[in-house]
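Beneath this line is the structure, given in structure tokens, with notes to follow.
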Amino acid sequence: MIFAPSAFMRSLASKRSMDPSFNYELAFSRNIGWLTIDEQAKLRGCRIAIAGLGGVGGSHLLTLCRLGVENFNIADFDSFELQNFNRQVGATVSSLGKPKAATLEHLALDINPNAKIQVFPEGVTPENLNTFLDNVDVYVDSVDFFAVETRRMLFAECHLRGIPALTAAPLGMGVGFLYFEPGKMSFEEYFRLEGQSRQEQLARFIAGLAPKILHRSYLVFPEAVNFSEQRGPSTGMACDLCAGLTGVQVLKILLKRGKVRAAPHGMQFDAYREKLSYSWRPFGNANPFQKILIYFIRSQLDGGK
């Protein structure tokens, strides 16, 4: 069925853009077909929280903004640096040294000038956690890989509040995806990080994100991975894949359209190897297969120290 733009505009007349130079209905009319008119209106009213606006977070924000979502809580305390250029959507010569949160807010408002974006330039902290997650429909995890405590805090609060929470990790030239559905297995129950050393937590996080480790076989310069210096290789393609996959899953969750596999189910797609793999790890990292994988990863991290 083909929707005439005029019919689309009339159907959403009650939500006219406040900026007279911008027309929401026309700007996102090409979504119609994959979305119904009512579904587009529903997405417009949803609120999504995104913590971290670097590698994947900026791409998540702009992708969801182009989907027509109009309400966001975004958080990041960092500023853009030259080493961000290979993968971070907001990293340009003109944004060097500028705050990531303010830069991404500007880019999102350039797509939809009437978007309502609450910015947390100090990042997510125990003091602002409640405000960051207030009235949020979905949480999209994008904090730095090494920010273990912040990530645990966010997922624990989402579980407590019954907020759907997703994480998509850029792995090599692919993506590892996990969804934590309210009322089902929590982030902590899956990853089993409580009481572990920082190094062990990182090993368990890697194992839980990618049980099939599809990306491992083409790491041509292993010396680029250095956990003691908190750095590792990355690609822009992986970040784009994360944003695309996450955008689709957010759409399905918000519109209650079809099933999204929840943890202990996971998914990894690797574009380089042209492979899609699903995983199922009952008991999460307590699963015997995961224990073997964690042992292997642990031995690779700084000699197992």
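Labels for the structure tokens follow display order: chains A, B, ..., residues from 1 in each chain, ligands from 1.
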
* Exercise: segment 116-124 of chain A partners within 6 Å, only C-alpha atoms, chain neighbours under 3 positions left out, as a PyMOL selection string -> chain A and resi 71-77+101+129

* Identify, with DSSP run on backbone atoms, the residues in segment 222-292 of chain A assigned to strand (DSSP E), and express the list as a ChimeraX atom specification. => /A:265-270,275-280

Preceding selection exported with C-alpha atoms as a PDB file, in the first residue's frame:
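So the final result, stored in selection_4.pdb, reads:
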ATOM      1  CA  HIS A 265      20.502 -15.685  24.027  1.00  0.00           C
ATOM      2  CA  GLY A 266      22.946 -13.552  22.064  1.00  0.00           C
ATOM      3  CA  MET A 267      23.872 -12.734  18.493  1.00  0.00           C
ATOM      4  CA  GLN A 268      27.091 -11.949  16.656  1.00  0.00           C
ATOM      5  CA  PHE A 269      27.367 -10.904  13.021  1.00  0.00           C
ATOM      6  CA  ASP A 270      30.772 -10.607  11.406  1.00  0.00           C
ATOM      7  CA  LYS A 275      28.900 -15.125   9.324  1.00  0.00           C
ATOM      8  CA  LEU A 276      25.880 -14.757  11.566  1.00  0.00           C
ATOM      9  CA  SER A 277      25.955 -16.730  14.790  1.00  0.00           C
ATOM     10  CA  TYR A 278      23.379 -17.144  17.556  1.00  0.00           C
ATOM     11  CA  SER A 279      24.387 -18.233  21.020  1.00  0.00           C
ATOM     12  CA  TRP A 280      22.488 -19.659  23.978  1.00  0.00           C
TER      13      TRP A 280
END

* **Residues of segment 95-186 of chain A in helix (DSSP H, G or I), written as a PyMOL selection string** => chain A and resi 95+100-111+129-133+148-161

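Closest approach to Asp78 of chain A among A:Ile213, A:Ala243, A:Val260, A:Val143 is made by A:Val143 (distances from only C-alpha atoms).
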
* Would you mind listing what lies within 12 Å of Thr246 of chain A as an MDAnalysis selection string, with only C-alpha atoms counted and same-chain residues fewer than 5 positions away left out? => chainID A and resid 50 56:57 59:64 67 138:142 165:170 175:179 239:241 251:253 260 267

Print the selection's residues with C-alpha atoms to a file, as a short mmCIF file (atom, residue, chain, number, x, y, z; two decimals), in the first residue's frame.
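Just written: selection.cif:
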data_model
loop_
_atom_site.label_atom_id
_atom_site.label_comp_id
_atom_site.auth_asym_id
_atom_site.auth_seq_id
_atom_site.Cartn_x
_atom_site.Cartn_y
_atom_site.Cartn_z
CA ILE A 50 22.02 6.62 25.56
CA VAL A 56 28.77 3.52 18.94
CA GLY A 57 26.77 6.02 20.99
CA SER A 59 25.78 6.53 15.69
CA HIS A 60 22.96 5.17 17.87
CA LEU A 61 21.66 8.68 18.53
CA LEU A 62 21.64 9.79 14.90
CA THR A 63 20.18 6.50 13.64
CA LEU A 64 17.32 6.65 16.13
CA LEU A 67 13.90 6.82 12.74
CA VAL A 138 14.58 1.88 26.32
CA TYR A 139 18.18 2.15 27.44
CA VAL A 140 20.90 1.79 24.78
CA ASP A 141 24.31 1.02 26.28
CA SER A 142 27.28 2.80 24.70
CA ALA A 165 18.28 -2.52 27.98
CA LEU A 166 20.44 -3.34 24.97
CA THR A 167 24.14 -3.42 24.24
CA ALA A 168 25.80 -3.76 20.84
CA ALA A 169 29.58 -4.11 20.88
CA PRO A 170 31.75 -3.29 17.84
CA VAL A 175 28.79 -6.64 16.08
CA GLY A 176 27.95 -8.61 19.21
CA PHE A 177 24.42 -7.99 20.51
CA LEU A 178 22.68 -8.70 23.82
CA TYR A 179 19.22 -7.73 25.03
CA CYS A 239 30.11 0.96 14.81
CA ASP A 240 27.75 1.46 11.87
CA LEU A 241 26.66 -2.17 12.06
CA LEU A 251 11.95 -0.43 16.85
CA LYS A 252 10.73 -3.97 17.53
CA ILE A 253 10.74 -3.46 21.30
CA VAL A 260 13.85 -10.00 20.25
CA MET A 267 23.87 -12.73 18.49
#

* **Between atom CA of Ser95 of chain A and atom CA of Asp110 of chain A, distance in Å (one decimal)** => 15.1 Å

* Of the candidates A:Glu25, A:Glu189, A:Glu70, A:Glu149, which shows the shortest atom-to-atom distance to Leu43 of chain A, using only C-alpha atoms? -> A:Glu70

Which residues are near Ala286 of chain A? Cut-off 12 Å, only C-alpha atoms, ignore same chain within fewer than 5 positions. Put them as a PDB file with C-alpha atoms, in the first residue's frame.
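Heads up, here's the output in part.pdb:
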ATOM      1  CA  GLU A 188      24.674  -9.427  36.476  1.00  0.00           C
ATOM      2  CA  GLU A 189      23.129 -12.897  36.277  1.00  0.00           C
ATOM      3  CA  TYR A 190      24.494 -13.252  32.746  1.00  0.00           C
ATOM      4  CA  PHE A 191      28.012 -11.803  33.129  1.00  0.00           C
ATOM      5  CA  ARG A 192      28.673 -12.819  36.780  1.00  0.00           C
ATOM      6  CA  LEU A 193      30.958  -9.880  37.598  1.00  0.00           C
ATOM      7  CA  ARG A 204      34.022 -12.148  31.537  1.00  0.00           C
ATOM      8  CA  ALA A 207      33.320 -13.776  26.806  1.00  0.00           C
ATOM      9  CA  GLY A 208      29.687 -12.864  27.390  1.00  0.00           C
ATOM     10  CA  PRO A 264      21.022 -15.753  27.803  1.00  0.00           C
ATOM     11  CA  ARG A 281      24.304 -19.798  27.293  1.00  0.00           C
ATOM     12  CA  LYS A 291      34.141 -21.050  31.765  1.00  0.00           C
ATOM     13  CA  ILE A 292      36.472 -22.554  29.156  1.00  0.00           C
ATOM     14  CA  LEU A 293      36.253 -19.411  27.024  1.00  0.00           C
ATOM     15  CA  ILE A 294      36.904 -17.158  30.021  1.00  0.00           C
TER      16      ILE A 294
END

* Asked: Which residue out of A:Thr92, A:Leu104, A:Ala27, A:Phe146 has the minimum interatomic distance to Gly68 of chain A when only C-alpha atoms are used?
  ->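 Closest residue, counting only C-alpha atoms: A:Ala27.
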
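Atom to atom, atom CA of Ser197 of chain A and atom CA of Arg298 of chain A stand 11.6 Å apart.
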
* Close residues, segment 227-232 of chain A itself excluded, 12 Å, only C-alpha atoms, min 3 positions apart in chain, as a ChimeraX atom specification -> /A:83-84,144-148,170-172,198-203,206,219,221-224,235,297-298,300-305

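Coordinates place atom CA of Ser186 of chain A at a distance of 6.4 Å from atom CA of His159 of chain A.
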
* Asked: Nearest to Met185 of chain A among A:Ala262, A:Val250, A:Cys65, A:Ala102, with distances taken over only C-alpha atoms: which residue is it?
  ->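 Closest candidate: A:Ala262.
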